[in-house]
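**Q** One file is attached below, model_26.cif, containing mmCIF, C-alpha atoms; chains and numbers go by the auth columns.
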data_coords
loop_
_atom_site.group_PDB
_atom_site.id
_atom_site.type_symbol
_atom_site.label_atom_id
_atom_site.label_comp_id
_atom_site.label_asym_id
_atom_site.label_seq_id
_atom_site.Cartn_x
_atom_site.Cartn_y
_atom_site.Cartn_z
_atom_site.B_iso_or_equiv
_atom_site.auth_seq_id
_atom_site.auth_asym_id
ATOM 1 C CA MET A 1 42.433 38.840 100.118 0.00 1 T
ATOM 2 C CA SER A 2 42.773 41.401 102.904 0.00 2 T
ATOM 3 C CA PRO A 3 46.190 41.675 104.588 0.00 3 T
ATOM 4 C CA THR A 4 46.744 39.777 107.811 0.00 4 T
ATOM 5 C CA ARG A 5 47.346 41.495 111.169 0.00 5 T
ATOM 6 C CA ARG A 6 50.964 40.281 111.068 0.00 6 T
ATOM 7 C CA ALA A 7 51.514 41.909 107.651 0.00 7 T
ATOM 8 C CA LEU A 8 50.055 45.253 108.814 0.00 8 T
ATOM 9 C CA LEU A 9 52.269 45.332 111.896 0.00 9 T
ATOM 10 C CA ARG A 10 55.331 44.535 109.789 0.00 10 T
ATOM 11 C CA SER A 11 54.498 47.355 107.354 0.00 11 T
ATOM 12 C CA ALA A 12 54.041 49.853 110.202 0.00 12 T
ATOM 13 C CA SER A 13 57.369 48.842 111.740 0.00 13 T
ATOM 14 C CA LEU A 14 59.252 49.350 108.482 0.00 14 T
ATOM 15 C CA GLY A 15 57.660 52.766 108.043 0.00 15 T
ATOM 16 C CA ALA A 16 58.685 53.813 111.536 0.00 16 T
ATOM 17 C CA LEU A 17 62.281 52.706 110.915 0.00 17 T
ATOM 18 C CA ALA A 18 62.444 54.679 107.682 0.00 18 T
ATOM 19 C CA LEU A 19 61.077 57.806 109.382 0.00 19 T
ATOM 20 C CA GLY A 20 63.499 57.398 112.267 0.00 20 T
ATOM 21 C CA GLY A 21 66.406 57.228 109.817 0.00 21 T
ATOM 22 C CA CYS A 22 65.356 60.517 108.214 0.00 22 T
ATOM 23 C CA LEU A 23 65.012 62.227 111.576 0.00 23 T
ATOM 24 C CA GLY A 24 68.397 60.912 112.624 0.00 24 T
ATOM 25 C CA ALA A 25 70.009 62.430 109.536 0.00 25 T
ATOM 26 C CA GLU A 26 68.500 65.854 110.358 0.00 26 T
ATOM 27 C CA THR A 27 69.790 65.674 113.924 0.00 27 T
ATOM 28 C CA SER A 28 73.277 64.845 112.670 0.00 28 T
ATOM 29 C CA ASP A 29 73.297 67.946 110.429 0.00 29 T
ATOM 30 C CA ASP A 30 72.207 70.185 113.295 0.00 30 T
ATOM 31 C CA GLY A 31 75.096 68.868 115.334 0.00 31 T
ATOM 32 C CA ASP A 32 77.603 70.740 113.174 0.00 32 T
ATOM 33 C CA PRO A 33 79.626 72.946 115.595 0.00 33 T
ATOM 34 C CA SER A 34 79.446 76.079 113.451 0.00 34 T
ATOM 35 C CA ARG A 35 75.659 75.844 113.104 0.00 35 T
ATOM 36 C CA SER A 36 75.296 75.150 116.830 0.00 36 T
ATOM 37 C CA ALA A 37 77.390 78.215 117.729 0.00 37 T
ATOM 38 C CA GLU A 38 75.469 80.394 115.298 0.00 38 T
ATOM 39 C CA SER A 39 72.111 79.462 116.813 0.00 39 T
ATOM 40 C CA ARG A 40 73.137 80.270 120.382 0.00 40 T
ATOM 41 C CA SER A 41 71.575 83.099 122.325 0.00 41 T
ATOM 42 C CA GLY A 42 72.611 84.201 125.780 0.00 42 T
ATOM 43 C CA SER A 43 73.175 86.928 128.327 0.00 43 T
ATOM 44 C CA ASP A 44 75.889 87.932 130.790 0.00 44 T
ATOM 45 C CA GLY A 45 75.364 89.971 133.939 0.00 45 T
ATOM 46 C CA ASP A 46 79.117 90.380 134.416 0.00 46 T
ATOM 47 C CA PRO A 47 80.351 90.917 130.860 0.00 47 T
ATOM 48 C CA THR A 48 83.880 91.119 129.535 0.00 48 T
ATOM 49 C CA VAL A 49 83.992 94.679 128.209 0.00 49 T
ATOM 50 C CA LEU A 50 86.724 97.179 127.421 0.00 50 T
ATOM 51 C CA LYS A 51 86.045 100.915 127.500 0.00 51 T
ATOM 52 C CA ALA A 52 88.333 103.425 125.811 0.00 52 T
ATOM 53 C CA ARG A 53 87.869 107.208 125.794 0.00 53 T
ATOM 54 C CA ASN A 54 88.783 109.900 123.275 0.00 54 T
ATOM 55 C CA PRO A 55 88.641 113.239 125.160 0.00 55 T
ATOM 56 C CA GLY A 56 86.738 115.759 123.065 0.00 56 T
ATOM 57 C CA GLY A 57 86.856 113.430 120.061 0.00 57 T
ATOM 58 C CA GLU A 58 84.211 111.992 117.766 0.00 58 T
ATOM 59 C CA ALA A 59 85.183 108.311 117.756 0.00 59 T
ATOM 60 C CA VAL A 60 87.447 105.702 119.350 0.00 60 T
ATOM 61 C CA VAL A 61 87.445 102.774 116.916 0.00 61 T
ATOM 62 C CA VAL A 62 87.813 103.573 113.210 0.00 62 T
ATOM 63 C CA ASP A 63 87.605 101.484 110.051 0.00 63 T
ATOM 64 C CA LEU A 64 90.661 101.337 107.790 0.00 64 T
ATOM 65 C CA ALA A 65 88.689 99.498 105.108 0.00 65 T
ATOM 66 C CA VAL A 66 86.518 102.552 104.432 0.00 66 T
ATOM 67 C CA GLU A 67 88.280 105.666 103.224 0.00 67 T
ATOM 68 C CA GLY A 68 87.462 109.222 104.245 0.00 68 T
ATOM 69 C CA ASP A 69 89.027 112.665 103.697 0.00 69 T
ATOM 70 C CA ASP A 70 91.707 114.788 105.355 0.00 70 T
ATOM 71 C CA ALA A 71 94.084 111.977 106.147 0.00 71 T
ATOM 72 C CA GLU A 72 95.598 111.282 109.516 0.00 72 T
ATOM 73 C CA ASP A 73 97.745 108.253 110.014 0.00 73 T
ATOM 74 C CA ASP A 74 97.509 105.843 112.952 0.00 74 T
ATOM 75 C CA ALA A 75 99.721 108.097 115.075 0.00 75 T
ATOM 76 C CA GLY A 76 97.366 111.019 114.522 0.00 76 T
ATOM 77 C CA THR A 77 99.608 113.030 112.184 0.00 77 T
ATOM 78 C CA GLU A 78 98.651 114.520 108.847 0.00 78 T
ATOM 79 C CA GLY A 79 99.501 112.722 105.624 0.00 79 T
ATOM 80 C CA GLY A 80 98.708 109.030 106.005 0.00 80 T
ATOM 81 C CA ASP A 81 100.000 106.560 103.440 0.00 81 T
ATOM 82 C CA ASP A 82 96.808 106.668 101.360 0.00 82 T
ATOM 83 C CA ASP A 83 96.084 110.332 102.059 0.00 83 T
ATOM 84 C CA VAL A 84 92.742 109.378 103.621 0.00 84 T
ATOM 85 C CA ASP A 85 91.232 109.467 107.090 0.00 85 T
ATOM 86 C CA PRO A 86 89.772 106.284 108.643 0.00 86 T
ATOM 87 C CA VAL A 87 85.991 106.375 109.059 0.00 87 T
ATOM 88 C CA PRO A 88 84.440 106.032 112.552 0.00 88 T
ATOM 89 C CA LEU A 89 83.099 102.518 113.084 0.00 89 T
ATOM 90 C CA SER A 90 79.373 102.109 113.640 0.00 90 T
ATOM 91 C CA ARG A 91 77.983 99.333 115.828 0.00 91 T
ATOM 92 C CA GLU A 92 79.326 96.061 114.464 0.00 92 T
ATOM 93 C CA LEU A 93 79.952 92.395 115.241 0.00 93 T
ATOM 94 C CA VAL A 94 83.620 91.598 114.612 0.00 94 T
ATOM 95 C CA THR A 95 83.754 87.913 113.701 0.00 95 T
ATOM 96 C CA SER A 96 87.251 87.259 112.317 0.00 96 T
ATOM 97 C CA ASP A 97 90.925 88.118 112.705 0.00 97 T
ATOM 98 C CA GLU A 98 90.855 89.584 109.198 0.00 98 T
ATOM 99 C CA ARG A 99 88.116 92.039 110.101 0.00 99 T
ATOM 100 C CA ALA A 100 89.804 92.919 113.399 0.00 100 T
ATOM 101 C CA ALA A 101 92.985 93.800 111.481 0.00 101 T
ATOM 102 C CA GLU A 102 91.029 96.398 109.483 0.00 102 T
ATOM 103 C CA LEU A 103 90.139 98.303 112.660 0.00 103 T
ATOM 104 C CA THR A 104 92.345 100.781 114.486 0.00 104 T
ATOM 105 C CA VAL A 105 92.088 103.486 117.127 0.00 105 T
ATOM 106 C CA ALA A 106 91.402 107.147 116.420 0.00 106 T
ATOM 107 C CA ALA A 107 93.913 109.900 117.057 0.00 107 T
ATOM 108 C CA GLY A 108 93.346 111.446 120.482 0.00 108 T
ATOM 109 C CA VAL A 109 93.030 108.188 122.410 0.00 109 T
ATOM 110 C CA ALA A 110 95.782 107.810 125.004 0.00 110 T
ATOM 111 C CA ASP A 111 98.602 105.398 124.119 0.00 111 T
ATOM 112 C CA GLU A 112 97.570 102.963 126.845 0.00 112 T
ATOM 113 C CA GLY A 113 94.018 102.941 125.544 0.00 113 T
ATOM 114 C CA ARG A 114 95.242 102.340 121.997 0.00 114 T
ATOM 115 C CA ALA A 115 97.315 99.355 123.102 0.00 115 T
ATOM 116 C CA ARG A 116 94.434 97.878 125.087 0.00 116 T
ATOM 117 C CA VAL A 117 92.004 98.089 122.181 0.00 117 T
ATOM 118 C CA ARG A 118 94.510 96.445 119.848 0.00 118 T
ATOM 119 C CA SER A 119 95.251 93.666 122.326 0.00 119 T
ATOM 120 C CA PHE A 120 91.551 93.108 123.032 0.00 120 T
ATOM 121 C CA LEU A 121 90.806 92.609 119.342 0.00 121 T
ATOM 122 C CA ASP A 122 93.881 90.488 118.646 0.00 122 T
ATOM 123 C CA GLU A 123 93.480 88.199 121.658 0.00 123 T
ATOM 124 C CA THR A 124 89.864 87.288 120.924 0.00 124 T
ATOM 125 C CA ASP A 125 89.326 83.698 119.736 0.00 125 T
ATOM 126 C CA TYR A 126 86.942 84.271 116.837 0.00 126 T
ATOM 127 C CA GLU A 127 86.312 80.534 116.497 0.00 127 T
ATOM 128 C CA THR A 128 84.286 80.664 119.698 0.00 128 T
ATOM 129 C CA GLU A 129 83.902 84.396 120.490 0.00 129 T
ATOM 130 C CA THR A 130 82.621 87.604 118.906 0.00 130 T
ATOM 131 C CA VAL A 131 83.479 91.246 119.633 0.00 131 T
ATOM 132 C CA PHE A 132 80.581 93.687 119.650 0.00 132 T
ATOM 133 C CA VAL A 133 81.767 97.279 119.106 0.00 133 T
ATOM 134 C CA ALA A 134 79.412 100.058 120.216 0.00 134 T
ATOM 135 C CA PRO A 135 80.392 103.740 119.884 0.00 135 T
ATOM 136 C CA ALA A 136 79.008 106.162 122.473 0.00 136 T
ATOM 137 C CA SER A 137 79.611 109.581 123.973 0.00 137 T
ATOM 138 C CA ILE A 138 79.395 110.926 127.502 0.00 138 T
ATOM 139 C CA ASP A 139 80.031 114.051 129.568 0.00 139 T
ATOM 140 C CA SER A 140 83.727 114.344 130.333 0.00 140 T
ATOM 141 C CA CYS A 141 83.347 114.027 134.119 0.00 141 T
ATOM 142 C CA TYR A 142 81.135 110.914 133.928 0.00 142 T
ATOM 143 C CA ARG A 143 81.693 107.283 132.980 0.00 143 T
ATOM 144 C CA TYR A 144 79.636 104.276 131.927 0.00 144 T
ATOM 145 C CA ARG A 145 79.187 101.224 134.089 0.00 145 T
ATOM 146 C CA ILE A 146 78.005 98.231 132.054 0.00 146 T
ATOM 147 C CA ARG A 147 75.385 96.175 133.880 0.00 147 T
ATOM 148 C CA SER A 148 74.670 93.354 131.417 0.00 148 T
ATOM 149 C CA VAL A 149 74.711 92.300 127.787 0.00 149 T
ATOM 150 C CA SER A 150 72.493 89.878 125.873 0.00 150 T
ATOM 151 C CA TRP A 151 72.769 88.519 122.353 0.00 151 T
ATOM 152 C CA ARG A 152 71.228 86.366 119.686 0.00 152 T
ATOM 153 C CA PRO A 153 72.304 85.899 116.046 0.00 153 T
ATOM 154 C CA GLY A 154 72.475 89.345 114.456 0.00 154 T
ATOM 155 C CA HIS A 155 71.322 91.280 117.536 0.00 155 T
ATOM 156 C CA VAL A 156 72.964 92.591 120.740 0.00 156 T
ATOM 157 C CA GLU A 157 71.591 94.673 123.616 0.00 157 T
ATOM 158 C CA TYR A 158 73.281 96.006 126.730 0.00 158 T
ATOM 159 C CA GLU A 159 72.297 97.814 129.917 0.00 159 T
ATOM 160 C CA TYR A 160 74.353 100.526 131.603 0.00 160 T
ATOM 161 C CA CYS A 161 74.289 103.324 134.132 0.00 161 T
ATOM 162 C CA ARG A 162 76.305 106.557 134.472 0.00 162 T
ATOM 163 C CA GLU A 163 78.288 107.804 137.433 0.00 163 T
ATOM 164 C CA LEU A 164 80.962 110.397 138.215 0.00 164 T
ATOM 165 C CA ARG A 165 84.525 109.415 137.416 0.00 165 T
ATOM 166 C CA PRO A 166 87.155 108.920 140.149 0.00 166 T
ATOM 167 C CA PRO A 167 88.775 112.060 141.597 0.00 167 T
ATOM 168 C CA ASP A 168 92.113 111.287 139.895 0.00 168 T
ATOM 169 C CA ALA A 169 90.577 111.192 136.394 0.00 169 T
ATOM 170 C CA ALA A 170 91.123 114.255 134.219 0.00 170 T
ATOM 171 C CA CYS A 171 87.871 115.816 133.026 0.00 171 T
ATOM 172 C CA GLU A 172 86.376 119.125 131.958 0.00 172 T
ATOM 173 C CA ALA A 173 82.816 120.253 132.610 0.00 173 T
ATOM 174 C CA ASP A 174 80.543 120.974 129.631 0.00 174 T
ATOM 175 C CA THR A 175 82.677 118.768 127.358 0.00 175 T
ATOM 176 C CA ARG A 176 81.673 115.476 125.790 0.00 176 T
ATOM 177 C CA ASP A 177 84.074 112.626 125.067 0.00 177 T
ATOM 178 C CA ALA A 178 83.791 109.750 122.624 0.00 178 T
ATOM 179 C CA VAL A 179 83.717 106.313 124.223 0.00 179 T
ATOM 180 C CA GLY A 180 84.325 102.984 122.523 0.00 180 T
ATOM 181 C CA LEU A 181 82.639 99.982 124.167 0.00 181 T
ATOM 182 C CA LEU A 182 84.028 96.597 123.116 0.00 182 T
ATOM 183 C CA PHE A 183 82.184 93.532 124.423 0.00 183 T
ATOM 184 C CA ARG A 184 83.672 90.034 124.116 0.00 184 T
ATOM 185 C CA LEU A 185 80.716 87.689 123.685 0.00 185 T
ATOM 186 C CA PRO A 186 81.245 83.960 124.414 0.00 186 T
ATOM 187 C CA ALA A 187 79.533 82.886 121.182 0.00 187 T
ATOM 188 C CA ALA A 188 80.553 82.779 117.522 0.00 188 T
ATOM 189 C CA LEU A 189 77.853 84.930 115.918 0.00 189 T
ATOM 190 C CA ARG A 190 78.357 84.650 112.164 0.00 190 T
ATOM 191 C CA SER A 191 75.352 86.706 111.070 0.00 191 T
ATOM 192 C CA PRO A 192 76.019 90.408 110.387 0.00 192 T
ATOM 193 C CA LEU A 193 74.540 92.824 112.890 0.00 193 T
ATOM 194 C CA SER A 194 70.929 93.510 111.942 0.00 194 T
ATOM 195 C CA GLY A 195 69.868 95.281 115.128 0.00 195 T
ATOM 196 C CA SER A 196 71.146 96.465 118.500 0.00 196 T
ATOM 197 C CA GLY A 197 69.953 98.431 121.473 0.00 197 T
ATOM 198 C CA SER A 198 70.925 99.863 124.825 0.00 198 T
ATOM 199 C CA SER A 199 69.119 101.116 127.903 0.00 199 T
ATOM 200 C CA GLY A 200 70.369 102.811 131.019 0.00 200 T
ATOM 201 C CA ARG A 201 69.899 105.128 133.944 0.00 201 T
ATOM 202 C CA SER A 202 71.758 107.996 135.559 0.00 202 T
ATOM 203 C CA PRO A 203 73.055 108.007 138.171 0.00 203 T
ATOM 204 C CA CYS A 204 73.978 104.435 139.078 0.00 204 T
ATOM 205 C CA ARG A 205 72.231 103.198 142.215 0.00 205 T
ATOM 206 C CA ALA A 206 75.558 102.072 143.701 0.00 206 T
ATOM 207 C CA VAL A 207 78.164 104.814 143.169 0.00 207 T
ATOM 208 C CA GLY A 208 81.756 103.684 142.760 0.00 208 T
ATOM 209 C CA THR A 209 83.281 107.082 143.636 0.00 209 T
ATOM 210 C CA GLU A 210 83.683 108.772 147.011 0.00 210 T
ATOM 211 C CA TYR A 211 81.691 111.899 146.096 0.00 211 T
ATOM 212 C CA ASP A 212 78.241 112.438 144.653 0.00 212 T
ATOM 213 C CA ARG A 213 78.601 115.779 142.878 0.00 213 T
ATOM 214 C CA ILE A 214 81.170 117.984 141.184 0.00 214 T
ATOM 215 C CA ASP A 215 81.226 121.736 140.710 0.00 215 T
ATOM 216 C CA ALA A 216 79.732 122.600 137.315 0.00 216 T
ATOM 217 C CA ASN A 217 82.737 124.722 136.342 0.00 217 T
ATOM 218 C CA ALA A 218 85.459 122.498 137.726 0.00 218 T
ATOM 219 C CA THR A 219 88.327 120.976 135.802 0.00 219 T
ATOM 220 C CA VAL A 220 89.632 117.915 137.618 0.00 220 T
ATOM 221 C CA PRO A 221 93.321 117.095 137.027 0.00 221 T
ATOM 222 C CA GLY A 222 94.337 113.485 136.612 0.00 222 T
ATOM 223 C CA SER A 223 96.804 111.136 134.980 0.00 223 T
ATOM 224 C CA ASP A 224 96.605 110.133 131.323 0.00 224 T
ATOM 225 C CA THR A 225 96.263 106.492 132.333 0.00 225 T
ATOM 226 C CA ALA A 226 92.797 107.267 133.634 0.00 226 T
ATOM 227 C CA LEU A 227 91.681 107.994 130.086 0.00 227 T
ATOM 228 C CA GLY A 228 91.953 104.320 129.064 0.00 228 T
ATOM 229 C CA ASP A 229 89.983 101.416 130.450 0.00 229 T
ATOM 230 C CA THR A 230 89.979 97.675 130.344 0.00 230 T
ATOM 231 C CA GLY A 231 88.600 94.980 132.543 0.00 231 T
ATOM 232 C CA THR A 232 87.141 91.518 132.689 0.00 232 T
ATOM 233 C CA SER A 233 83.754 92.771 133.765 0.00 233 T
ATOM 234 C CA GLY A 234 81.739 95.952 133.909 0.00 234 T
ATOM 235 C CA PRO A 235 81.302 96.755 137.607 0.00 235 T
ATOM 236 C CA SER A 236 84.632 95.311 138.810 0.00 236 T
ATOM 237 C CA ALA A 237 86.592 97.117 136.090 0.00 237 T
ATOM 238 C CA ASP A 238 84.920 100.406 136.985 0.00 238 T
ATOM 239 C CA GLU A 239 85.694 100.031 140.657 0.00 239 T
ATOM 240 C CA THR A 240 89.431 99.641 140.035 0.00 240 T
ATOM 241 C CA GLY A 241 89.743 103.268 139.001 0.00 241 T
ATOM 242 C CA GLY A 242 91.097 102.342 135.566 0.00 242 T
ATOM 243 C CA ASP A 243 87.832 103.241 133.935 0.00 243 T
ATOM 244 C CA GLY A 244 87.958 106.687 132.459 0.00 244 T
ATOM 245 C CA SER A 245 84.621 106.017 130.778 0.00 245 T
#
Translate the structure of the given file into structure tokens.
**A**
Amino acid sequence: MSPTRRALLRSASLGALALGGCLGAETSDDGDPSRSAESRSGSDGDPTVLKARNPGGEAVVVDLAVEGDDAEDDAGTEGGDDDVDPVPLSRELVTSDERAAELTVAAGVADEGRARVRSFLDETDYETETVFVAPASIDSCYRYRIRSVSWRPGHVEYEYCRELRPPDAACEADTRDAVGLLFRLPAALRSPLSGSGSSGRSPCRAVGTEYDRIDANATVPGSDTALGDTGTSGPSADETGGDGS
């Protein structure tokens, strides 16, 4: 005997309930906070970024977990404890306090800059934030202005422009300085960095200094504090004169 209409409707209803239960279980799993944070992508046109400069140097942030040669300790003197030299850090996503503790600042960075980098790493909440470290270099009399940063799991890109440094910043023509860019991203990105990029222009359209050129052979005197930089955002930090980058 063929099934009645009532029986078919009842069977369809039970099937729908069973399917709904399965879908509900999947949704519950996706609601896990760590998985939700990991899947986030975003961008920031006013990023939290710290810039530190090493005049004439090759790096700003170095990795204590990787050993090199010709030791220098954290104060920049010969003969570190392990008789090794920290290795310059490549672009990396710092995702934990433990990893942050393995990073330090290269000899040659001003004391104020060293303290700011350490504080920036230590004060980051790695449960909800990630630090993206990007090494760079620039002509001594110029600095970077960060325009924006965007991210997705395993990948970060930022935009910048270059402009002359303030008149009170020490610089020397025909010399390049190492710059460490540290971005604090408002997302817990657990995947290791698989790709990154940057794009920029020179000069910046809106110049933050009061002059638009500098003599090619000039050496501009300035205070050591101008060699370090921190700020809560790219453009506003640059305009305070504490840039140095």
**Q** Applied to the shown file, which residues does the PyMOL selection byres ((chain T and resi 124) around 10) return, written as a list in words?
**A** Val94, Thr95, Ser96, Asp97, Ala100, Ser119, Phe120, Leu121, Asp122, Glu123, Asp125, Tyr126, Glu127, Thr128, Glu129, Thr130, Val131, Arg184, Leu185 and Pro186 of chain T
**Q** How many Å lie between CA of Tyr160 in chain T and CA of Ala134 in chain T, rounded to one decimal?
**A**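 CA of Ala134 in chain T lies 12.5 Å from CA of Tyr160 in chain T.
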**Q** Using only C-alpha atoms - which residues lie no farther than 10 Å from the point (69.1, 86.9, 118.0) in the file's frame? Write them as an MDAnalysis selection string.
**A** chainID T and resid 38:42 150:157 189 191 193:196
**Q** Which one of T:Lys51, T:Ala106, T:Ala173, T:Ser43 sits closest to Arg143 in chain T if you count all atoms listed in the file?
**A**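 Selected residue with least distance to Arg143 in chain T: T:Lys51.
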**Q** Tell me, in Å to one decimal, how far CA of Glu58 in chain T is from CA of Asp46 in chain T.
**A** 27.8 Å
**Q** From the set T:Ala169, T:Leu50, T:Cys141, T:Leu181, which residue has the shortest atom-to-atom contact distance to Leu89 in chain T, counting all atoms listed in the file?
**A** T:Leu181
**Q** Report, in Å to a single decimal, how far apart CA of Arg91 in chain T and CA of Arg176 in chain T are.
**A**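 That distance, rounded to one decimal, is 19.3 Å.
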**Q** Pick out the closest residue to Gly108 in chain T from this set: T:Thr48, T:Ser90, T:Asn54, T:Ser148. Count all atoms listed in the file.
**A**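 That would be T:Asn54, the residue with the smallest distance to Gly108 in chain T.
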**Q** Specify as a list in words each residue included when the PyMOL selection byres ((chain T and resi 65) around 12) is applied to this file.
**A** Val62, Asp63, Leu64, Val66, Glu67, Gly68, Asp82, Val84, Asp85, Pro86, Val87, Pro88, Leu89, Glu98, Arg99, Ala100, Ala101, Glu102, Leu103 and Thr104 of chain T
**Q** Using only C-alpha atoms - which residues lie no farther than 6 Å from the point (70.7, 99.9, 129.1) in the file's frame? Write them as a ChimeraX atom specification.
**A** /T:158-160,198-200
**Q** Step by step, gather every atom of range 182-186 of chain T that the file lists, find the box along x, y and z that holds them, add 6 Å on each side, and finally give centre and edge lengths in Å to one decimal, as AutoDock Vina command-line options.
**A**
--center_x 82.4 --center_y 90.3 --center_z 123.8 --size_x 15.3 --size_y 24.6 --size_z 13.3
